[in-house]
file upload_3.cif (mmCIF, C-alpha atoms)
data_work
#
loop_
_atom_site.group_PDB
_atom_site.id
_atom_site.type_symbol
_atom_site.label_atom_id
_atom_site.label_comp_id
_atom_site.auth_asym_id
_atom_site.auth_seq_id
_atom_site.Cartn_x
_atom_site.Cartn_y
_atom_site.Cartn_z
ATOM 1 C CA MET D 1 51.859 -21.136 68.722
ATOM 2 C CA THR D 2 48.155 -21.844 68.343
ATOM 3 C CA THR D 3 45.587 -20.140 70.498
ATOM 4 C CA GLU D 4 42.350 -22.091 71.044
ATOM 5 C CA LEU D 5 39.193 -20.058 70.970
ATOM 6 C CA PRO D 6 36.440 -20.834 73.501
ATOM 7 C CA ASP D 7 33.153 -22.372 72.261
ATOM 8 C CA SER D 8 31.402 -19.103 72.931
ATOM 9 C CA PRO D 9 32.510 -15.645 73.957
ATOM 10 C CA PRO D 10 32.419 -14.807 77.618
ATOM 11 C CA GLU D 11 29.112 -13.515 78.853
ATOM 12 C CA LEU D 12 28.846 -9.767 78.960
ATOM 13 C CA THR D 13 26.837 -8.745 81.922
ATOM 14 C CA GLU D 14 27.629 -5.105 82.157
ATOM 15 C CA GLY D 15 27.186 -2.190 79.861
ATOM 16 C CA PRO D 16 24.545 -1.229 77.274
ATOM 17 C CA ALA D 17 26.223 -3.229 74.515
ATOM 18 C CA ALA D 18 26.017 -6.555 76.370
ATOM 19 C CA VAL D 19 25.602 -9.468 73.920
ATOM 20 C CA PRO D 20 23.878 -12.668 75.162
ATOM 21 C CA THR D 21 25.686 -15.945 74.744
ATOM 22 C CA ARG D 22 24.158 -18.971 73.085
ATOM 23 C CA ARG D 23 23.455 -20.406 76.553
ATOM 24 C CA THR D 24 21.587 -17.324 77.779
ATOM 25 C CA PHE D 25 19.707 -17.014 74.472
ATOM 26 C CA ILE D 26 18.414 -20.602 74.696
ATOM 27 C CA ALA D 27 17.459 -20.197 78.331
ATOM 28 C CA THR D 28 15.561 -16.970 77.609
ATOM 29 C CA THR D 29 13.755 -18.490 74.607
ATOM 30 C CA ALA D 30 12.654 -21.518 76.618
ATOM 31 C CA ALA D 31 11.348 -19.317 79.396
ATOM 32 C CA VAL D 32 9.341 -17.133 77.003
ATOM 33 C CA GLY D 33 8.022 -20.184 75.185
ATOM 34 C CA GLY D 34 6.827 -21.676 78.442
ATOM 35 C CA VAL D 35 4.899 -18.527 79.231
ATOM 36 C CA VAL D 36 3.268 -18.541 75.786
ATOM 37 C CA VAL D 37 2.289 -22.211 76.068
ATOM 38 C CA ALA D 38 0.958 -21.737 79.563
ATOM 39 C CA GLY D 39 -1.038 -18.733 78.408
ATOM 40 C CA GLY D 40 -2.433 -20.737 75.508
ATOM 41 C CA LEU D 41 -3.499 -23.567 77.784
ATOM 42 C CA ALA D 42 -5.160 -21.131 80.123
ATOM 43 C CA ALA D 43 -7.009 -19.491 77.243
ATOM 44 C CA GLY D 44 -8.033 -22.911 75.915
ATOM 45 C CA SER D 45 -9.386 -23.891 79.313
ATOM 46 C CA ALA D 46 -11.361 -20.687 79.452
ATOM 47 C CA LEU D 47 -12.891 -21.410 76.043
ATOM 48 C CA THR D 48 -13.954 -24.903 77.036
ATOM 49 C CA ASP D 49 -15.803 -23.469 80.012
ATOM 50 C CA GLN D 50 -18.021 -21.544 77.640
ATOM 51 C CA GLU D 51 -20.604 -23.156 75.373
ATOM 52 C CA SER D 52 -19.542 -23.314 71.748
ATOM 53 C CA PRO D 53 -22.110 -22.157 69.143
ATOM 54 C CA ALA D 54 -21.566 -25.473 67.324
ATOM 55 C CA ALA D 55 -22.842 -27.330 70.373
ATOM 56 C CA GLU D 56 -26.238 -25.674 70.176
ATOM 57 C CA ALA D 57 -29.179 -27.786 69.061
ATOM 58 C CA PRO D 58 -29.835 -27.657 65.286
ATOM 59 C CA PRO D 59 -32.959 -25.824 64.102
ATOM 60 C CA SER D 60 -36.039 -28.015 64.126
ATOM 61 C CA GLY D 61 -39.596 -27.697 62.892
ATOM 62 C CA ARG D 62 -42.988 -29.255 63.274
ATOM 63 C CA LEU D 63 -44.328 -31.075 60.236
ATOM 64 C CA SER D 64 -47.745 -32.538 59.441
ATOM 65 C CA LEU D 65 -48.288 -34.710 56.384
ATOM 66 C CA THR D 66 -50.247 -37.744 55.285
ATOM 67 C CA VAL D 67 -48.283 -40.962 54.829
ATOM 68 C CA ASN D 68 -50.077 -43.947 53.297
ATOM 69 C CA GLY D 69 -53.443 -42.429 54.212
ATOM 70 C CA GLU D 70 -52.524 -41.711 57.841
ATOM 71 C CA ARG D 71 -51.982 -38.192 59.157
ATOM 72 C CA ARG D 72 -48.593 -37.919 60.870
ATOM 73 C CA THR D 73 -47.202 -34.989 62.883
ATOM 74 C CA VAL D 74 -43.535 -34.955 63.867
ATOM 75 C CA THR D 75 -40.862 -32.546 65.113
ATOM 76 C CA ILE D 76 -37.652 -32.989 63.161
ATOM 77 C CA ASP D 77 -34.304 -31.423 62.398
ATOM 78 C CA ASN D 78 -34.879 -29.101 59.433
ATOM 79 C CA ARG D 79 -32.106 -30.910 57.531
ATOM 80 C CA THR D 80 -33.900 -34.277 57.639
ATOM 81 C CA SER D 81 -34.575 -35.861 54.265
ATOM 82 C CA LEU D 82 -37.910 -37.464 53.468
ATOM 83 C CA LEU D 83 -36.118 -40.822 53.314
ATOM 84 C CA ASP D 84 -34.744 -40.450 56.846
ATOM 85 C CA LEU D 85 -38.119 -39.256 58.085
ATOM 86 C CA LEU D 86 -39.755 -42.400 56.706
ATOM 87 C CA ARG D 87 -37.096 -44.834 57.884
ATOM 88 C CA GLU D 88 -35.830 -43.336 61.138
ATOM 89 C CA HIS D 89 -38.875 -41.510 62.482
ATOM 90 C CA LEU D 90 -41.878 -43.395 61.103
ATOM 91 C CA GLY D 91 -40.406 -46.903 60.905
ATOM 92 C CA LEU D 92 -41.256 -47.338 57.214
ATOM 93 C CA THR D 93 -38.113 -49.117 56.047
ATOM 94 C CA GLY D 94 -39.441 -50.348 52.703
ATOM 95 C CA SER D 95 -37.878 -47.346 50.954
ATOM 96 C CA LYS D 96 -34.178 -48.170 50.670
ATOM 97 C CA LYS D 97 -31.133 -45.959 51.099
ATOM 98 C CA GLY D 98 -28.917 -46.912 48.204
ATOM 99 C CA CYS D 99 -26.639 -44.145 46.931
ATOM 100 C CA ASN D 100 -28.200 -41.375 49.065
ATOM 101 C CA ALA D 101 -27.458 -39.054 46.140
ATOM 102 C CA GLY D 102 -30.511 -39.431 43.886
ATOM 103 C CA ALA D 103 -28.716 -41.625 41.364
ATOM 104 C CA CYS D 104 -30.117 -45.137 41.935
ATOM 105 C CA GLY D 105 -33.857 -44.679 42.569
ATOM 106 C CA ALA D 106 -34.030 -47.185 45.440
ATOM 107 C CA CYS D 107 -35.693 -44.548 47.626
ATOM 108 C CA THR D 108 -38.437 -43.580 45.147
ATOM 109 C CA VAL D 109 -41.807 -42.694 46.680
ATOM 110 C CA LEU D 110 -44.841 -40.762 45.492
ATOM 111 C CA VAL D 111 -45.506 -37.245 46.780
ATOM 112 C CA ASP D 112 -48.932 -35.953 45.755
ATOM 113 C CA GLY D 113 -48.898 -38.618 43.058
ATOM 114 C CA ARG D 114 -45.520 -37.661 41.587
ATOM 115 C CA ARG D 115 -42.325 -39.704 41.745
ATOM 116 C CA VAL D 116 -39.523 -38.240 43.875
ATOM 117 C CA ASN D 117 -36.157 -39.384 45.163
ATOM 118 C CA SER D 118 -36.861 -39.195 48.875
ATOM 119 C CA CYS D 119 -33.153 -39.001 49.738
ATOM 120 C CA LEU D 120 -32.960 -35.603 48.002
ATOM 121 C CA THR D 121 -36.269 -34.228 49.298
ATOM 122 C CA LEU D 122 -36.297 -32.096 52.443
ATOM 123 C CA ALA D 123 -39.090 -33.305 54.677
ATOM 124 C CA VAL D 124 -39.900 -29.834 56.075
ATOM 125 C CA ARG D 125 -40.968 -28.714 52.601
ATOM 126 C CA LEU D 126 -43.790 -31.266 52.525
ATOM 127 C CA GLU D 127 -46.225 -29.661 54.945
ATOM 128 C CA GLY D 128 -49.690 -30.972 54.088
ATOM 129 C CA ALA D 129 -48.396 -33.305 51.368
ATOM 130 C CA GLU D 130 -49.603 -36.848 50.696
ATOM 131 C CA VAL D 131 -46.828 -39.416 50.597
ATOM 132 C CA THR D 132 -47.210 -42.983 49.366
ATOM 133 C CA THR D 133 -44.535 -45.581 50.035
ATOM 134 C CA ILE D 134 -44.274 -49.252 49.116
ATOM 135 C CA GLU D 135 -46.029 -50.095 52.416
ATOM 136 C CA GLY D 136 -49.106 -48.188 51.279
ATOM 137 C CA LEU D 137 -49.698 -49.849 47.906
ATOM 138 C CA ALA D 138 -51.356 -53.109 48.908
ATOM 139 C CA ASN D 139 -54.974 -53.176 50.069
ATOM 140 C CA GLY D 140 -54.683 -55.475 53.046
ATOM 141 C CA ASP D 141 -53.624 -58.857 51.687
ATOM 142 C CA ARG D 142 -54.474 -57.830 48.152
ATOM 143 C CA LEU D 143 -51.376 -56.741 46.247
ATOM 144 C CA HIS D 144 -51.297 -53.717 43.978
ATOM 145 C CA PRO D 145 -51.474 -54.837 40.311
ATOM 146 C CA LEU D 146 -47.831 -53.855 39.775
ATOM 147 C CA GLN D 147 -46.708 -55.771 42.854
ATOM 148 C CA ALA D 148 -48.553 -58.815 41.561
ATOM 149 C CA ALA D 149 -47.005 -58.337 38.108
ATOM 150 C CA PHE D 150 -43.490 -58.218 39.610
ATOM 151 C CA VAL D 151 -44.173 -61.576 41.265
ATOM 152 C CA GLU D 152 -45.643 -63.133 38.124
ATOM 153 C CA GLN D 153 -42.854 -61.849 35.882
ATOM 154 C CA ASP D 154 -40.141 -62.725 38.441
ATOM 155 C CA ALA D 155 -38.907 -59.150 38.049
ATOM 156 C CA PHE D 156 -36.467 -59.141 40.953
ATOM 157 C CA GLN D 157 -33.552 -61.059 42.432
ATOM 158 C CA CYS D 158 -31.945 -59.541 45.531
ATOM 159 C CA GLY D 159 -34.984 -57.297 46.028
ATOM 160 C CA PHE D 160 -33.076 -54.263 47.292
ATOM 161 C CA CYS D 161 -34.158 -51.988 44.439
ATOM 162 C CA THR D 162 -37.632 -53.540 44.117
ATOM 163 C CA PRO D 163 -39.583 -51.059 46.317
ATOM 164 C CA GLY D 164 -38.175 -48.132 44.361
ATOM 165 C CA GLN D 165 -38.735 -49.911 41.040
ATOM 166 C CA ILE D 166 -42.373 -50.595 41.904
ATOM 167 C CA MET D 167 -43.050 -47.057 43.144
ATOM 168 C CA SER D 168 -41.416 -45.625 40.043
ATOM 169 C CA GLY D 169 -43.421 -48.031 37.891
ATOM 170 C CA VAL D 170 -46.678 -46.918 39.533
ATOM 171 C CA GLY D 171 -45.754 -43.314 38.801
ATOM 172 C CA CYS D 172 -44.809 -44.205 35.244
ATOM 173 C CA ILE D 173 -48.221 -45.822 34.686
ATOM 174 C CA GLU D 174 -50.133 -42.908 36.237
ATOM 175 C CA GLU D 175 -48.159 -40.444 34.126
ATOM 176 C CA GLY D 176 -49.136 -42.330 30.966
ATOM 177 C CA HIS D 177 -45.611 -43.256 29.883
ATOM 178 C CA THR D 178 -46.304 -46.885 28.995
ATOM 179 C CA GLY D 179 -47.047 -46.693 25.294
ATOM 180 C CA SER D 180 -44.226 -49.085 24.397
ATOM 181 C CA ALA D 181 -41.392 -51.055 25.932
ATOM 182 C CA GLU D 182 -38.987 -48.358 24.755
ATOM 183 C CA GLU D 183 -41.027 -45.639 26.458
ATOM 184 C CA ILE D 184 -41.200 -47.615 29.690
ATOM 185 C CA ARG D 185 -37.436 -48.138 29.634
ATOM 186 C CA GLU D 186 -36.884 -44.423 29.064
ATOM 187 C CA TRP D 187 -39.139 -43.313 31.911
ATOM 188 C CA MET D 188 -37.821 -45.990 34.276
ATOM 189 C CA SER D 189 -34.176 -45.258 33.474
ATOM 190 C CA GLY D 190 -33.600 -43.467 36.782
ATOM 191 C CA ASN D 191 -34.004 -46.746 38.674
ATOM 192 C CA ILE D 192 -30.953 -48.996 38.737
ATOM 193 C CA CYS D 193 -31.161 -52.773 39.142
ATOM 194 C CA ARG D 194 -27.747 -54.185 39.973
ATOM 195 C CA CYS D 195 -29.036 -57.702 39.282
ATOM 196 C CA GLY D 196 -29.968 -56.763 35.699
ATOM 197 C CA CYS D 197 -33.694 -57.588 35.762
ATOM 198 C CA TYR D 198 -34.598 -54.767 33.392
ATOM 199 C CA VAL D 199 -36.347 -56.902 30.769
ATOM 200 C CA LYS D 200 -38.682 -58.463 33.329
ATOM 201 C CA ILE D 201 -39.249 -55.124 35.067
ATOM 202 C CA VAL D 202 -40.402 -53.613 31.785
ATOM 203 C CA LYS D 203 -42.709 -56.593 31.226
ATOM 204 C CA ALA D 204 -44.174 -56.197 34.714
ATOM 205 C CA VAL D 205 -44.898 -52.488 34.196
ATOM 206 C CA ASP D 206 -46.442 -53.227 30.807
ATOM 207 C CA GLN D 207 -48.608 -55.994 32.325
ATOM 208 C CA ALA D 208 -49.875 -53.734 35.100
ATOM 209 C CA ALA D 209 -50.546 -50.905 32.680
ATOM 210 C CA HIS D 210 -52.367 -52.910 30.001
ATOM 211 C CA GLY D 211 -53.495 -56.047 31.807
ATOM 212 C CA LYS D 212 -51.399 -58.403 29.703
#
call {"tool": "encode", "arguments": {"input": "upload_3.cif", "output": "structure tokens"}}
result
Amino acid sequence: MTTELPDSPPELTEGPAAVPTRRTFIATTAAVGGVVVAGGLAAGSALTDQESPAAEAPPSGRLSLTVNGERRTVTIDNRTSLLDLLREHLGLTGSKKGCNAGACGACTVLVDGRRVNSCLTLAVRLEGAEVTTIEGLANGDRLHPLQAAFVEQDAFQCGFCTPGQIMSGVGCIEEGHTGSAEEIREWMSGNICRCGCYVKIVKAVDQAAHGK
């Protein structure tokens, strides 16, 4: 004779040693879980009613500098790069954002006569500085000698890197690094031309530097 066992033992509802069945255990767990979830939602709602520190406005500062001979005063986020200041705040879009990591040279400008990658330069550090961009090289309709040399030597194709190439070339000439084609190539090596116009770029810099 075989005796079939029930799926679960009968519920024990009396006595200190009462053992919950699977049914009562699941029901109790669900009830507790609901309370925890409800409490979490309530806490979350309370948090959203309060302002998060991340929502606060970023620190900003007031900056005065000279750009292409004109004194400019702006209030900017302290994290703003010189490149973004020029393009987004001052409308000087000649300086290009290529890699935005200081590797291609498309954003090259002059700060107090020295070449810098404007994408890596914090604008707030340039209080009182003099910045020259590609827009500030020409004298009215008269091109800068290096701009004219780029045209004569056909030293560009797509033109995206050209502003940075020219600004870097101007710095290279003013620094006195134009003694030979090899020296020009070395000191212009931080500027990438994806079209491969390096030979003509070197010729243009040499022409502007030595008038030939």
call {"tool": "residues_around", "arguments": {"input": "upload_3.cif", "residues": "Asp206 (chain D)", "least_positions_apart": "5", "cutoff": "9 Å", "atoms": "all atoms listed in the file", "output": "JSON, numbers by chain"}}
result
{"D": [149, 173, 178, 179, 180, 181, 184, 201, 211, 212]}
call {"tool": "closest_residue", "arguments": {"input": "upload_3.cif", "among": "D:Glu56, D:Gly69, D:Ala209, D:Leu126", "to": "Asn139 (chain D)", "atoms": "all atoms listed in the file"}}
result
D:Gly69
call {"tool": "closest_residue", "arguments": {"input": "upload_3.cif", "among": "D:Thr93, D:Asn117, D:Gln147, D:Thr73", "to": "Phe160 (chain D)", "atoms": "only C-alpha atoms"}}
result
D:Thr93
call {"tool": "atom_distance", "arguments": {"input": "upload_3.cif", "atom1": "CA of Leu85 (chain D)", "atom2": "CA of Ser189 (chain D)"}}
result
25.6 Å
call {"tool": "resolve_selection", "arguments": {"input": "upload_3.cif", "expression": "the PyMOL selection byres ((chain D and resi 185) around 12)", "output": "PyMOL selection string"}}
result
chain D and resi 165+168-169+172+177-184+186-192+197-206
call {"tool": "atom_distance", "arguments": {"input": "upload_3.cif", "atom1": "CA of Arg71 (chain D)", "atom2": "CA of Leu92 (chain D)"}}
result
14.2 Å
call {"tool": "residues_near_point", "arguments": {"input": "upload_3.cif", "point": "(-36.7, -35.1, 49.6)", "cutoff": "12 Å", "atoms": "all atoms listed in the file", "output": "PyMOL selection string"}}
result
chain D and resi 78-86+100-102+107-111+115-126+129+131
call {"tool": "write_last_selection", "arguments": {"input": "upload_3.cif", "atoms": "C-alpha atoms", "output": "mmCIF file, in the coordinates of the input"}}
result
data_model
loop_
_atom_site.group_PDB
_atom_site.id
_atom_site.type_symbol
_atom_site.label_atom_id
_atom_site.label_comp_id
_atom_site.auth_asym_id
_atom_site.auth_seq_id
_atom_site.Cartn_x
_atom_site.Cartn_y
_atom_site.Cartn_z
ATOM 1 C CA ASN D 78 -34.879 -29.101 59.433
ATOM 2 C CA ARG D 79 -32.106 -30.910 57.531
ATOM 3 C CA THR D 80 -33.900 -34.277 57.639
ATOM 4 C CA SER D 81 -34.575 -35.861 54.265
ATOM 5 C CA LEU D 82 -37.910 -37.464 53.468
ATOM 6 C CA LEU D 83 -36.118 -40.822 53.314
ATOM 7 C CA ASP D 84 -34.744 -40.450 56.846
ATOM 8 C CA LEU D 85 -38.119 -39.256 58.085
ATOM 9 C CA LEU D 86 -39.755 -42.400 56.706
ATOM 10 C CA ASN D 100 -28.200 -41.375 49.065
ATOM 11 C CA ALA D 101 -27.458 -39.054 46.140
ATOM 12 C CA GLY D 102 -30.511 -39.431 43.886
ATOM 13 C CA CYS D 107 -35.693 -44.548 47.626
ATOM 14 C CA THR D 108 -38.437 -43.580 45.147
ATOM 15 C CA VAL D 109 -41.807 -42.694 46.680
ATOM 16 C CA LEU D 110 -44.841 -40.762 45.492
ATOM 17 C CA VAL D 111 -45.506 -37.245 46.780
ATOM 18 C CA ARG D 115 -42.325 -39.704 41.745
ATOM 19 C CA VAL D 116 -39.523 -38.240 43.875
ATOM 20 C CA ASN D 117 -36.157 -39.384 45.163
ATOM 21 C CA SER D 118 -36.861 -39.195 48.875
ATOM 22 C CA CYS D 119 -33.153 -39.001 49.738
ATOM 23 C CA LEU D 120 -32.960 -35.603 48.002
ATOM 24 C CA THR D 121 -36.269 -34.228 49.298
ATOM 25 C CA LEU D 122 -36.297 -32.096 52.443
ATOM 26 C CA ALA D 123 -39.090 -33.305 54.677
ATOM 27 C CA VAL D 124 -39.900 -29.834 56.075
ATOM 28 C CA ARG D 125 -40.968 -28.714 52.601
ATOM 29 C CA LEU D 126 -43.790 -31.266 52.525
ATOM 30 C CA ALA D 129 -48.396 -33.305 51.368
ATOM 31 C CA VAL D 131 -46.828 -39.416 50.597
#
call {"tool": "atom_distance", "arguments": {"input": "upload_3.cif", "atom1": "CA of Ala138 (chain D)", "atom2": "CA of Gly113 (chain D)"}}
result
15.8 Å
call {"tool": "closest_residue", "arguments": {"input": "upload_3.cif", "among": "D:Gly164, D:Gly171, D:Gly140, D:Pro59", "to": "Lys97 (chain D)", "atoms": "all atoms listed in the file"}}
result
D:Gly164
call {"tool": "closest_residue", "arguments": {"input": "upload_3.cif", "among": "D:Ser60, D:Cys158, D:Thr75, D:Arg114", "to": "Glu175 (chain D)", "atoms": "only C-alpha atoms"}}
result
D:Arg114
call {"tool": "closest_residue", "arguments": {"input": "upload_3.cif", "among": "D:His210, D:Gly128, D:Gln153, D:Gly94", "to": "Glu174 (chain D)", "atoms": "only C-alpha atoms"}}
result
D:His210
call {"tool": "closest_residue", "arguments": {"input": "upload_3.cif", "among": "D:Gly196, D:Ala103, D:Ser95, D:Ala148", "to": "Met167 (chain D)", "atoms": "all atoms listed in the file"}}
result
D:Ser95
call {"tool": "decode", "arguments": {"input": "upload_3.cif", "residues": "region 180-191 of chain D", "atoms": "all heavy atoms", "output": "compact mmCIF listing (two decimals), in the first residue's frame"}}
result
# COMPACT_ATOMS: atom_id res chain seq x y z
N SER D 180 66.24 75.80 -43.52
CA SER D 180 66.27 74.81 -44.61
C SER D 180 64.91 74.15 -44.69
O SER D 180 64.08 74.27 -43.78
CB SER D 180 67.34 73.75 -44.36
OG SER D 180 67.02 72.98 -43.20
N ALA D 181 64.70 73.42 -45.80
CA ALA D 181 63.44 72.70 -45.96
C ALA D 181 63.29 71.66 -44.85
O ALA D 181 62.17 71.44 -44.33
CB ALA D 181 63.38 72.03 -47.33
N GLU D 182 64.39 71.03 -44.48
CA GLU D 182 64.34 70.02 -43.42
C GLU D 182 63.94 70.64 -42.09
O GLU D 182 63.15 70.07 -41.32
CB GLU D 182 65.70 69.33 -43.28
CG GLU D 182 66.08 68.41 -44.43
CD GLU D 182 66.50 69.19 -45.69
OE1 GLU D 182 66.79 70.41 -45.57
OE2 GLU D 182 66.51 68.58 -46.78
N GLU D 183 64.47 71.84 -41.81
CA GLU D 183 64.13 72.51 -40.55
C GLU D 183 62.67 72.93 -40.54
O GLU D 183 61.97 72.80 -39.53
CB GLU D 183 65.03 73.73 -40.34
CG GLU D 183 64.82 74.39 -38.97
CD GLU D 183 65.75 75.56 -38.74
OE1 GLU D 183 66.35 76.06 -39.73
OE2 GLU D 183 65.89 76.00 -37.58
N ILE D 184 62.20 73.43 -41.67
CA ILE D 184 60.78 73.81 -41.75
C ILE D 184 59.89 72.59 -41.52
O ILE D 184 58.91 72.66 -40.77
CB ILE D 184 60.47 74.44 -43.12
CG1 ILE D 184 61.20 75.79 -43.25
CG2 ILE D 184 58.96 74.64 -43.29
CD1 ILE D 184 61.11 76.39 -44.64
N ARG D 185 60.22 71.48 -42.15
CA ARG D 185 59.43 70.26 -41.98
C ARG D 185 59.41 69.83 -40.52
O ARG D 185 58.37 69.42 -39.99
CB ARG D 185 59.97 69.13 -42.86
CG ARG D 185 59.54 69.23 -44.32
CD ARG D 185 59.77 67.92 -45.03
NE ARG D 185 61.19 67.64 -45.18
CZ ARG D 185 61.92 68.02 -46.23
NH1 ARG D 185 61.35 68.67 -47.24
NH2 ARG D 185 63.19 67.74 -46.29
N GLU D 186 60.55 69.93 -39.86
CA GLU D 186 60.65 69.52 -38.46
C GLU D 186 59.76 70.39 -37.57
O GLU D 186 59.02 69.88 -36.73
CB GLU D 186 62.11 69.60 -38.00
CG GLU D 186 62.32 69.32 -36.51
CD GLU D 186 62.00 67.89 -36.13
OE1 GLU D 186 62.06 67.00 -37.01
OE2 GLU D 186 61.69 67.66 -34.95
N TRP D 187 59.82 71.70 -37.77
CA TRP D 187 59.09 72.62 -36.91
C TRP D 187 57.62 72.79 -37.32
O TRP D 187 56.85 73.41 -36.58
CB TRP D 187 59.81 73.96 -36.85
CG TRP D 187 61.07 73.88 -36.06
CD1 TRP D 187 62.31 73.58 -36.53
CD2 TRP D 187 61.20 74.04 -34.65
NE1 TRP D 187 63.23 73.55 -35.50
CE2 TRP D 187 62.57 73.84 -34.33
CE3 TRP D 187 60.32 74.35 -33.62
CZ2 TRP D 187 63.05 73.92 -33.04
CZ3 TRP D 187 60.80 74.44 -32.32
CH2 TRP D 187 62.15 74.22 -32.04
N MET D 188 57.25 72.24 -38.45
CA MET D 188 55.85 72.23 -38.87
C MET D 188 55.23 70.84 -38.72
O MET D 188 54.09 70.61 -39.13
CB MET D 188 55.74 72.67 -40.34
CG MET D 188 56.06 74.13 -40.60
SD MET D 188 54.73 75.23 -40.04
CE MET D 188 53.43 74.82 -41.21
N SER D 189 55.96 69.92 -38.10
CA SER D 189 55.51 68.53 -38.06
C SER D 189 54.28 68.31 -37.19
O SER D 189 53.63 67.27 -37.29
CB SER D 189 56.65 67.63 -37.55
OG SER D 189 57.04 68.01 -36.24
N GLY D 190 53.94 69.27 -36.35
CA GLY D 190 52.74 69.13 -35.53
C GLY D 190 51.45 69.43 -36.27
O GLY D 190 50.37 69.28 -35.69
N ASN D 191 51.56 69.86 -37.52
CA ASN D 191 50.37 70.19 -38.31
C ASN D 191 50.17 69.12 -39.39
O ASN D 191 51.02 68.93 -40.25
CB ASN D 191 50.51 71.56 -38.96
CG ASN D 191 50.46 72.68 -37.94
OD1 ASN D 191 51.44 72.94 -37.24
ND2 ASN D 191 49.32 73.34 -37.84
